[in-house]
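Undergrad: Please find one structure pasted underneath; my questions will follow.
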Amino acid sequence: MRNSLIILGSGGSLGVPVVGCSCKVCHSSSEKNKRLRSSVFLKIQGKNILIDPGPDVRLQCLKAGIDHLDGVILTHVHHDHAAGVDELRVFPLFREGKFPFLLSEFSHEELVRRFHYIQKNFVFQPLKEMKGETEFLGINIRFFTYHQLGIPVLGLRFGNVAYVTDIKYYTDEIIEDLQGLDFLIISAIRKENPSPAHLLIPEALDLINKIAPKHTYLTHLSHEVEHEEINEELPSNIELGYDGLEICFV
Ligand SMILES: [Zn+2]
Ligand SMILES: [Zn+2]
């Protein structure tokens with residue numbers, strides 16, 4: 001069965017272009033310098049799964065031609081990943097029953113507080129443990145937790161593909177959990193100017209070296225990243241992700 005992961009959004013929390021910004025990246029005509037908020041669409045074992053319904057999710061579904069979802073996963077409850085959850089109410093309209101939703105227990109409590117009225121649309125599957133394995137839609141998913149700005153974030157692994165977004169601080173345990181990957185999709189905000197919430201590209205390269213996946217795509221990129229310029233500087237098995245990129249895997 002053909003599995004794939006499509007990057008629906010490769011942008012940081014403000015997206016690119018940034019509203020009101022006059023920098024060269026925000027004014028670039030290259031499609032690879034246009035970044036919606038970070039989100040991915042996973043087609044795996046015949047199931048369609050959206051990871052992170054951020055504020056751009058409606059447009060992302062329309063652009064990618066997503067007309068059917070089997071379930072949703074949320075990495076964490078920051079606005080740029082969770083703000084579009086209300087938009088997902090459209091999907092249960094076209095299918096029977098409630099809609100499966102995998103997330104951490106912390107994210108579940110916070111999401112239900114923010115969007116109390118959506119409970120009738122979803123069957124939540126909150127993860128009580130900080131790391132482990134779970135079945136979601138019949139798919140085996142390995143997960144682990146790290147913290148960003150004081151809240152837990154889920155890192156996700158589907159076989160030999162992993163999606164690790166919004167990471168800054170981590171332990172060596174994560175490096176062990178991510179051994180043997182064919183594809184790693186990991187966040188890195190920009191090249192210089194440290195962030196309290198995100199790895200810089202050089203910091204991400206350091207972590208990637210320790211994990212040693214066969215191929216890596218960087219995502220959650222800010223307007224300080226000019227695609228061609230930065231992509232050229234990266235090692236041959238590490239590339240910048242971009243909106244619409246499809247990664248096929250077995
Ligand atoms: Zn984010
Ligand atoms: Zn800009």
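Lettering and numbering for the structure tokens are positional, with chains as A, B, ... in the shown order, residues counted from 1 in each chain, and ligands counted from 1 in the shown order.
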Extract, using only C-alpha atoms, all DNA, RNA and protein residues at most 12 Å from A:Ala212, discarding same-chain residues fewer than 2 positions from it, and format them as a list in words.
TA: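 In the requested format, the answer is Ile175, Glu176, Asp177, Leu178, Gln179, Gly180, Leu181, Asp182, Phe183, Leu184, Ala204, Leu205, Asp206, Leu207, Ile208, Asn209, Lys210, Lys214, His215, Thr216, Asn237 and Ile238 of chain A.
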Undergrad: For the interface of chain A with ligand 1 (cut-off 7 Å, counting only C-alpha atoms and all ligand atoms), please tabulate each contacting residue of chain A alongside its nearest pair of atoms and their separation in Å to one decimal, rows sorted by chain and increasing number, as a Markdown table.
TA:
```
| residue | atom | partner | partner_atom_place_in_ligand_line | distance |
| --- | --- | --- | --- | --- |
| A:Gly12 | CA | ligand 1 | 1 (Zn) | 5.9 |
| A:Ser13 | CA | ligand 1 | 1 (Zn) | 5.2 |
| A:Ser38 | CA | ligand 1 | 1 (Zn) | 6.6 |
| A:His78 | CA | ligand 1 | 1 (Zn) | 6.6 |
| A:Asp80 | CA | ligand 1 | 1 (Zn) | 5.3 |
| A:His81 | CA | ligand 1 | 1 (Zn) | 6.0 |
| A:Asp166 | CA | ligand 1 | 1 (Zn) | 5.3 |
| A:His220 | CA | ligand 1 | 1 (Zn) | 6.6 |
```
Undergrad: With N, CA and C atoms retained, write the just-selected residues as a PDB file, in the first residue's frame.
TA:
```
ATOM      1  N   GLY A  12       6.390  28.882  10.426  1.00  0.00           N
ATOM      2  CA  GLY A  12       6.367  29.140  11.860  1.00  0.00           C
ATOM      3  C   GLY A  12       5.013  29.703  12.272  1.00  0.00           C
ATOM      4  N   SER A  13       4.930  30.152  13.509  1.00  0.00           N
ATOM      5  CA  SER A  13       3.624  30.512  14.060  1.00  0.00           C
ATOM      6  C   SER A  13       2.973  31.702  13.357  1.00  0.00           C
ATOM      7  N   SER A  38       2.343  25.217  10.367  1.00  0.00           N
ATOM      8  CA  SER A  38       2.801  23.825  10.301  1.00  0.00           C
ATOM      9  C   SER A  38       1.685  22.808  10.524  1.00  0.00           C
ATOM     10  N   HIS A  78      -0.744  24.822  21.230  1.00  0.00           N
ATOM     11  CA  HIS A  78      -0.457  26.200  20.825  1.00  0.00           C
ATOM     12  C   HIS A  78      -1.316  26.578  19.618  1.00  0.00           C
ATOM     13  N   ASP A  80      -0.919  28.014  16.789  1.00  0.00           N
ATOM     14  CA  ASP A  80      -0.533  27.735  15.391  1.00  0.00           C
ATOM     15  C   ASP A  80      -0.715  26.266  15.018  1.00  0.00           C
ATOM     16  N   HIS A  81      -1.075  25.411  15.994  1.00  0.00           N
ATOM     17  CA  HIS A  81      -1.302  23.983  15.704  1.00  0.00           C
ATOM     18  C   HIS A  81      -2.742  23.544  15.957  1.00  0.00           C
ATOM     19  N   ASP A 166       8.088  21.647  16.874  1.00  0.00           N
ATOM     20  CA  ASP A 166       8.124  22.524  18.039  1.00  0.00           C
ATOM     21  C   ASP A 166       9.001  21.964  19.161  1.00  0.00           C
ATOM     22  N   HIS A 220       8.456  24.228   9.961  1.00  0.00           N
ATOM     23  CA  HIS A 220       8.184  25.275  10.961  1.00  0.00           C
ATOM     24  C   HIS A 220       9.186  26.422  10.798  1.00  0.00           C
TER      25      HIS A 220
END
```
Undergrad: Quick one: of A:Leu74, A:Ile51, A:Leu154, A:Ile211, who's nearest to A:Asp172, counting only C-alpha atoms?
TA: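 Closest candidate: A:Ile211.
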Undergrad: Among stretch 4-241 of chain A, which ones does DSSP place in strand (DSSP E), written as a ChimeraX atom specification?
TA: /A:4-9,39-44,47-51,71-73,99-104,122-127,132-136,139-148,151-158,161-164,183-187,215-219,238-240
Undergrad: Mind pulling up the distance from atom CA of A:Val57 to atom CA of A:Ser22?
TA: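 Computing it gives 25.2 Å between the two atoms.
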Undergrad: Taking only residues of chain A that have an atom at most 10 Å from an atom of ligand 2, what is each one's shortest atom pair and its distance in Å to one decimal, using only C-alpha atoms and all ligand atoms, in chain and number order, as CSV?
TA:
```
residue,atom,partner,partner_atom_place_in_ligand_line,distance
A:Leu14,CA,ligand 2,1 (Zn),9.9
A:Gly15,CA,ligand 2,1 (Zn),9.5
A:Val16,CA,ligand 2,1 (Zn),7.0
A:Pro17,CA,ligand 2,1 (Zn),5.9
A:Val18,CA,ligand 2,1 (Zn),5.4
A:Val19,CA,ligand 2,1 (Zn),8.1
A:Gly20,CA,ligand 2,1 (Zn),8.0
A:Cys21,CA,ligand 2,1 (Zn),4.5
A:Ser22,CA,ligand 2,1 (Zn),5.7
A:Cys23,CA,ligand 2,1 (Zn),4.2
A:Lys24,CA,ligand 2,1 (Zn),6.6
A:Val25,CA,ligand 2,1 (Zn),5.6
A:Cys26,CA,ligand 2,1 (Zn),4.2
A:His27,CA,ligand 2,1 (Zn),7.4
A:Ser28,CA,ligand 2,1 (Zn),9.4
A:Ser222,CA,ligand 2,1 (Zn),8.2
A:His223,CA,ligand 2,1 (Zn),4.8
A:Glu224,CA,ligand 2,1 (Zn),6.8
A:Val225,CA,ligand 2,1 (Zn),9.3
```
Undergrad: Using only C-alpha atoms, which residues sit within 10 Å of stretch 83-91 of chain A once same-chain residues fewer than 6 positions away are excluded, as a compact mmCIF listing (two decimals) with N, CA, C and O atoms, in the first residue's frame?
TA:
```
# COMPACT_ATOMS: atom_id res chain seq x y z
N LEU A 50 -4.97 13.82 9.60
CA LEU A 50 -4.43 15.18 9.64
C LEU A 50 -3.70 15.36 10.97
O LEU A 50 -4.25 15.05 12.02
N ASP A 52 -2.33 18.21 13.27
CA ASP A 52 -2.36 19.62 13.65
C ASP A 52 -3.27 20.49 12.77
O ASP A 52 -2.87 20.99 11.71
N PRO A 53 -4.51 20.65 13.24
CA PRO A 53 -5.43 21.57 12.57
C PRO A 53 -5.17 23.00 13.02
O PRO A 53 -5.80 23.51 13.93
N GLY A 54 -4.22 23.63 12.39
CA GLY A 54 -3.85 25.01 12.75
C GLY A 54 -4.79 26.02 12.11
O GLY A 54 -5.79 25.65 11.48
N PRO A 55 -4.46 27.29 12.24
CA PRO A 55 -5.36 28.35 11.74
C PRO A 55 -5.54 28.35 10.23
O PRO A 55 -6.47 28.98 9.73
N ASP A 56 -4.68 27.67 9.48
CA ASP A 56 -4.79 27.65 8.02
C ASP A 56 -5.45 26.37 7.50
O ASP A 56 -5.43 26.10 6.30
N VAL A 57 -6.04 25.58 8.38
CA VAL A 57 -6.45 24.22 7.98
C VAL A 57 -7.50 24.19 6.87
O VAL A 57 -7.47 23.32 6.00
N ARG A 58 -8.41 25.13 6.86
CA ARG A 58 -9.44 25.11 5.81
C ARG A 58 -8.80 25.27 4.43
O ARG A 58 -9.03 24.49 3.51
N CYS A 61 -6.72 22.15 3.43
CA CYS A 61 -7.54 21.03 2.94
C CYS A 61 -8.00 21.30 1.51
O CYS A 61 -8.00 20.40 0.66
N ILE A 66 -8.17 17.61 0.03
CA ILE A 66 -8.55 16.64 1.08
C ILE A 66 -10.06 16.70 1.28
O ILE A 66 -10.59 17.71 1.75
N ASP A 67 -10.73 15.64 0.86
CA ASP A 67 -12.19 15.64 1.01
C ASP A 67 -12.66 14.59 2.02
O ASP A 67 -13.85 14.42 2.26
N HIS A 68 -11.71 13.88 2.60
CA HIS A 68 -12.07 12.84 3.54
C HIS A 68 -10.97 12.69 4.58
O HIS A 68 -9.79 12.62 4.23
N LEU A 69 -11.36 12.66 5.83
CA LEU A 69 -10.40 12.38 6.90
C LEU A 69 -10.93 11.24 7.75
O LEU A 69 -12.14 11.15 7.99
N ASP A 70 -10.04 10.37 8.19
CA ASP A 70 -10.44 9.30 9.10
C ASP A 70 -10.17 9.66 10.55
O ASP A 70 -10.78 9.11 11.46
N GLY A 71 -9.22 10.56 10.76
CA GLY A 71 -8.89 10.95 12.13
C GLY A 71 -7.93 12.12 12.17
O GLY A 71 -7.37 12.52 11.14
N VAL A 72 -7.77 12.65 13.37
CA VAL A 72 -6.89 13.82 13.59
C VAL A 72 -5.97 13.53 14.76
O VAL A 72 -6.35 12.85 15.71
N LEU A 74 -3.24 15.72 17.34
CA LEU A 74 -2.75 17.04 17.74
C LEU A 74 -1.44 16.88 18.49
O LEU A 74 -1.37 16.11 19.46
N VAL A 77 -1.21 22.17 22.06
CA VAL A 77 -2.34 23.11 21.96
C VAL A 77 -1.95 24.55 21.66
O VAL A 77 -2.79 25.44 21.82
N LYS A 98 -18.91 9.72 15.02
CA LYS A 98 -17.96 10.73 15.49
C LYS A 98 -16.59 10.50 14.87
O LYS A 98 -16.31 9.47 14.27
N PHE A 99 -15.73 11.43 15.14
CA PHE A 99 -14.48 11.56 14.43
C PHE A 99 -13.32 11.31 15.40
O PHE A 99 -13.16 12.05 16.37
N LEU A 111 -8.08 21.66 25.12
CA LEU A 111 -8.88 21.80 23.90
C LEU A 111 -10.38 21.85 24.22
O LEU A 111 -11.12 22.66 23.67
N ARG A 114 -11.28 25.16 25.61
CA ARG A 114 -11.39 26.22 24.59
C ARG A 114 -12.57 26.02 23.65
O ARG A 114 -13.20 26.96 23.22
N PHE A 115 -12.78 24.75 23.28
CA PHE A 115 -13.82 24.45 22.28
C PHE A 115 -14.82 23.47 22.88
O PHE A 115 -14.96 22.35 22.39
N TYR A 117 -17.87 23.11 22.77
CA TYR A 117 -19.03 22.70 21.94
C TYR A 117 -18.66 21.66 20.88
O TYR A 117 -19.54 21.17 20.19
N ILE A 118 -17.37 21.33 20.74
CA ILE A 118 -17.00 20.38 19.67
C ILE A 118 -17.06 18.93 20.14
O ILE A 118 -16.86 18.02 19.35
N LYS A 120 -19.28 16.89 20.75
CA LYS A 120 -20.23 15.99 20.08
C LYS A 120 -19.70 15.50 18.73
O LYS A 120 -20.18 14.52 18.19
N ASN A 121 -18.70 16.17 18.21
CA ASN A 121 -18.17 15.81 16.89
C ASN A 121 -17.03 14.79 16.92
O ASN A 121 -16.73 14.17 15.91
N PHE A 122 -16.38 14.66 18.08
CA PHE A 122 -15.15 13.87 18.13
C PHE A 122 -15.19 12.76 19.18
O PHE A 122 -15.87 12.89 20.19
```
Undergrad: Using only C-alpha atoms for the distances, tell me which of A:Gln119, A:Thr134, A:Asn160, A:Ser187 is nearest to A:Gly9.
TA: A:Ser187
Undergrad: Apply DSSP to the structure's backbone, then extract all residues of stretch 20-207 of chain A labelled helix (DSSP H, G or I) and return them as a ChimeraX atom specification.
TA: /A:31-33,57-64,79-82,85-94,105-114,116-121,172-177,201-207
Undergrad: Mind giving me the straight-line distance from atom CA of A:Met130 to atom CA of A:Leu199 in Å, one decimal?
TA: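 Those two atoms sit 21.3 Å apart.
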Undergrad: Could you work out how far atom CA of A:Ser4 lies from atom CA of A:Phe249, giving the answer in Å with one decimal?
TA: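 Atom CA of A:Ser4 lies at a distance of 5.8 Å from atom CA of A:Phe249.
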Undergrad: Which residues are close to A:Gly244, i.e. within 10 Å by only C-alpha atoms, leaving aside same-chain residues fewer than 4 positions away? Reply as a list in words.
TA: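 The residues that qualify are Leu5, Ile6, Ile7, Leu8, Gly9, Ser10, Glu31, Lys32, Arg35, Val40, Phe41, Gln60, Lys63 and Ala64 of chain A.
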Undergrad: How about saving the chosen residues, all heavy atoms kept, as a tab-separated table (two decimals), in the first residue's frame?
TA:
```tsv
chain	number	residue	atom	x	y	z
A	5	LEU	N	3.29	11.20	3.24
A	5	LEU	CA	3.11	12.32	4.15
A	5	LEU	C	3.24	13.60	3.31
A	5	LEU	O	4.22	13.76	2.59
A	5	LEU	CB	4.19	12.27	5.24
A	5	LEU	CG	4.18	13.35	6.32
A	5	LEU	CD1	4.76	12.80	7.63
A	5	LEU	CD2	4.96	14.59	5.91
A	6	ILE	N	2.23	14.43	3.38
A	6	ILE	CA	2.27	15.71	2.65
A	6	ILE	C	2.42	16.84	3.66
A	6	ILE	O	1.66	16.91	4.64
A	6	ILE	CB	0.99	15.91	1.81
A	6	ILE	CG1	0.84	14.79	0.78
A	6	ILE	CG2	1.00	17.28	1.12
A	6	ILE	CD1	-0.48	14.80	0.05
A	7	ILE	N	3.40	17.70	3.42
A	7	ILE	CA	3.54	18.88	4.28
A	7	ILE	C	2.50	19.92	3.82
A	7	ILE	O	2.61	20.47	2.72
A	7	ILE	CB	4.97	19.45	4.22
A	7	ILE	CG1	5.96	18.42	4.80
A	7	ILE	CG2	5.06	20.79	4.96
A	7	ILE	CD1	7.40	18.89	4.89
A	8	LEU	N	1.48	20.13	4.64
A	8	LEU	CA	0.43	21.11	4.30
A	8	LEU	C	0.88	22.52	4.65
A	8	LEU	O	0.42	23.49	4.07
A	8	LEU	CB	-0.86	20.80	5.06
A	8	LEU	CG	-1.52	19.45	4.78
A	8	LEU	CD1	-2.76	19.30	5.66
A	8	LEU	CD2	-1.88	19.29	3.32
A	9	GLY	N	1.75	22.61	5.66
A	9	GLY	CA	2.26	23.90	6.08
A	9	GLY	C	3.65	23.72	6.65
A	9	GLY	O	3.89	22.81	7.45
A	10	SER	N	4.59	24.56	6.21
A	10	SER	CA	5.98	24.46	6.67
A	10	SER	C	6.40	25.72	7.41
A	10	SER	O	7.58	25.95	7.62
A	10	SER	CB	6.90	24.24	5.46
A	10	SER	OG	6.76	25.32	4.54
A	31	GLU	N	7.24	30.10	-4.73
A	31	GLU	CA	6.22	29.36	-3.96
A	31	GLU	C	6.83	28.72	-2.72
A	31	GLU	O	6.15	28.48	-1.73
A	31	GLU	CB	5.58	28.29	-4.83
A	31	GLU	CG	4.56	28.83	-5.83
A	31	GLU	CD	3.44	29.62	-5.17
A	31	GLU	OE1	2.82	29.11	-4.23
A	31	GLU	OE2	3.21	30.78	-5.60
A	32	LYS	N	8.14	28.40	-2.79
A	32	LYS	CA	8.79	27.73	-1.66
A	32	LYS	C	9.06	28.69	-0.50
A	32	LYS	O	9.44	28.26	0.58
A	32	LYS	CB	10.07	27.03	-2.13
A	32	LYS	CG	9.72	25.81	-2.99
A	32	LYS	CD	10.92	25.05	-3.46
A	32	LYS	CE	10.47	23.84	-4.28
A	32	LYS	NZ	11.58	23.19	-4.96
A	35	ARG	N	4.69	30.01	3.20
A	35	ARG	CA	4.53	28.94	4.19
A	35	ARG	C	3.29	29.16	5.06
A	35	ARG	O	3.22	30.13	5.82
A	35	ARG	CB	5.78	28.88	5.10
A	35	ARG	CG	7.07	28.74	4.31
A	35	ARG	CD	8.30	28.67	5.21
A	35	ARG	NE	9.47	28.51	4.38
A	35	ARG	CZ	10.45	29.42	4.24
A	35	ARG	NH1	10.41	30.53	4.94
A	35	ARG	NH2	11.46	29.19	3.43
A	40	VAL	N	0.65	18.52	8.81
A	40	VAL	CA	0.92	17.49	7.79
A	40	VAL	C	-0.30	16.60	7.61
A	40	VAL	O	-1.14	16.46	8.50
A	40	VAL	CB	2.16	16.62	8.11
A	40	VAL	CG1	3.43	17.43	8.14
A	40	VAL	CG2	2.00	15.85	9.40
A	41	PHE	N	-0.36	16.00	6.43
A	41	PHE	CA	-1.44	15.07	6.07
A	41	PHE	C	-0.79	13.72	5.80
A	41	PHE	O	0.11	13.62	4.96
A	41	PHE	CB	-2.15	15.60	4.82
A	41	PHE	CG	-3.26	14.72	4.33
A	41	PHE	CD1	-4.33	14.39	5.14
A	41	PHE	CD2	-3.24	14.23	3.03
A	41	PHE	CE1	-5.36	13.59	4.69
A	41	PHE	CE2	-4.28	13.43	2.56
A	41	PHE	CZ	-5.34	13.11	3.39
A	60	GLN	N	-5.70	24.77	3.67
A	60	GLN	CA	-4.80	23.63	3.42
A	60	GLN	C	-5.57	22.43	2.87
A	60	GLN	O	-5.11	21.77	1.94
A	60	GLN	CB	-4.05	23.27	4.72
A	60	GLN	CG	-2.98	24.30	5.06
A	60	GLN	CD	-2.46	24.18	6.49
A	60	GLN	OE1	-3.19	23.85	7.41
A	60	GLN	NE2	-1.18	24.46	6.68
A	63	LYS	N	-6.54	23.31	-0.74
A	63	LYS	CA	-5.38	23.28	-1.64
A	63	LYS	C	-4.91	21.87	-1.95
A	63	LYS	O	-4.51	21.56	-3.07
A	63	LYS	CB	-4.19	24.05	-1.00
A	63	LYS	CG	-4.23	25.54	-1.24
A	63	LYS	CD	-3.08	26.23	-0.54
A	63	LYS	CE	-1.81	26.25	-1.41
A	63	LYS	NZ	-0.77	27.09	-0.82
A	64	ALA	N	-4.95	20.99	-0.93
A	64	ALA	CA	-4.45	19.63	-1.11
A	64	ALA	C	-5.55	18.68	-1.60
A	64	ALA	O	-5.30	17.49	-1.80
A	64	ALA	CB	-3.86	19.12	0.21
```
Undergrad: If we count only C-alpha atoms, what is near A:Phe143 at a cut-off of 12 Å, once residues fewer than 6 positions away on the same chain are taken out, given as a VMD selection string?
TA: chain A and resid 73 to 75 102 to 104 127 to 136 152 to 159 161 to 164 174 177 to 178
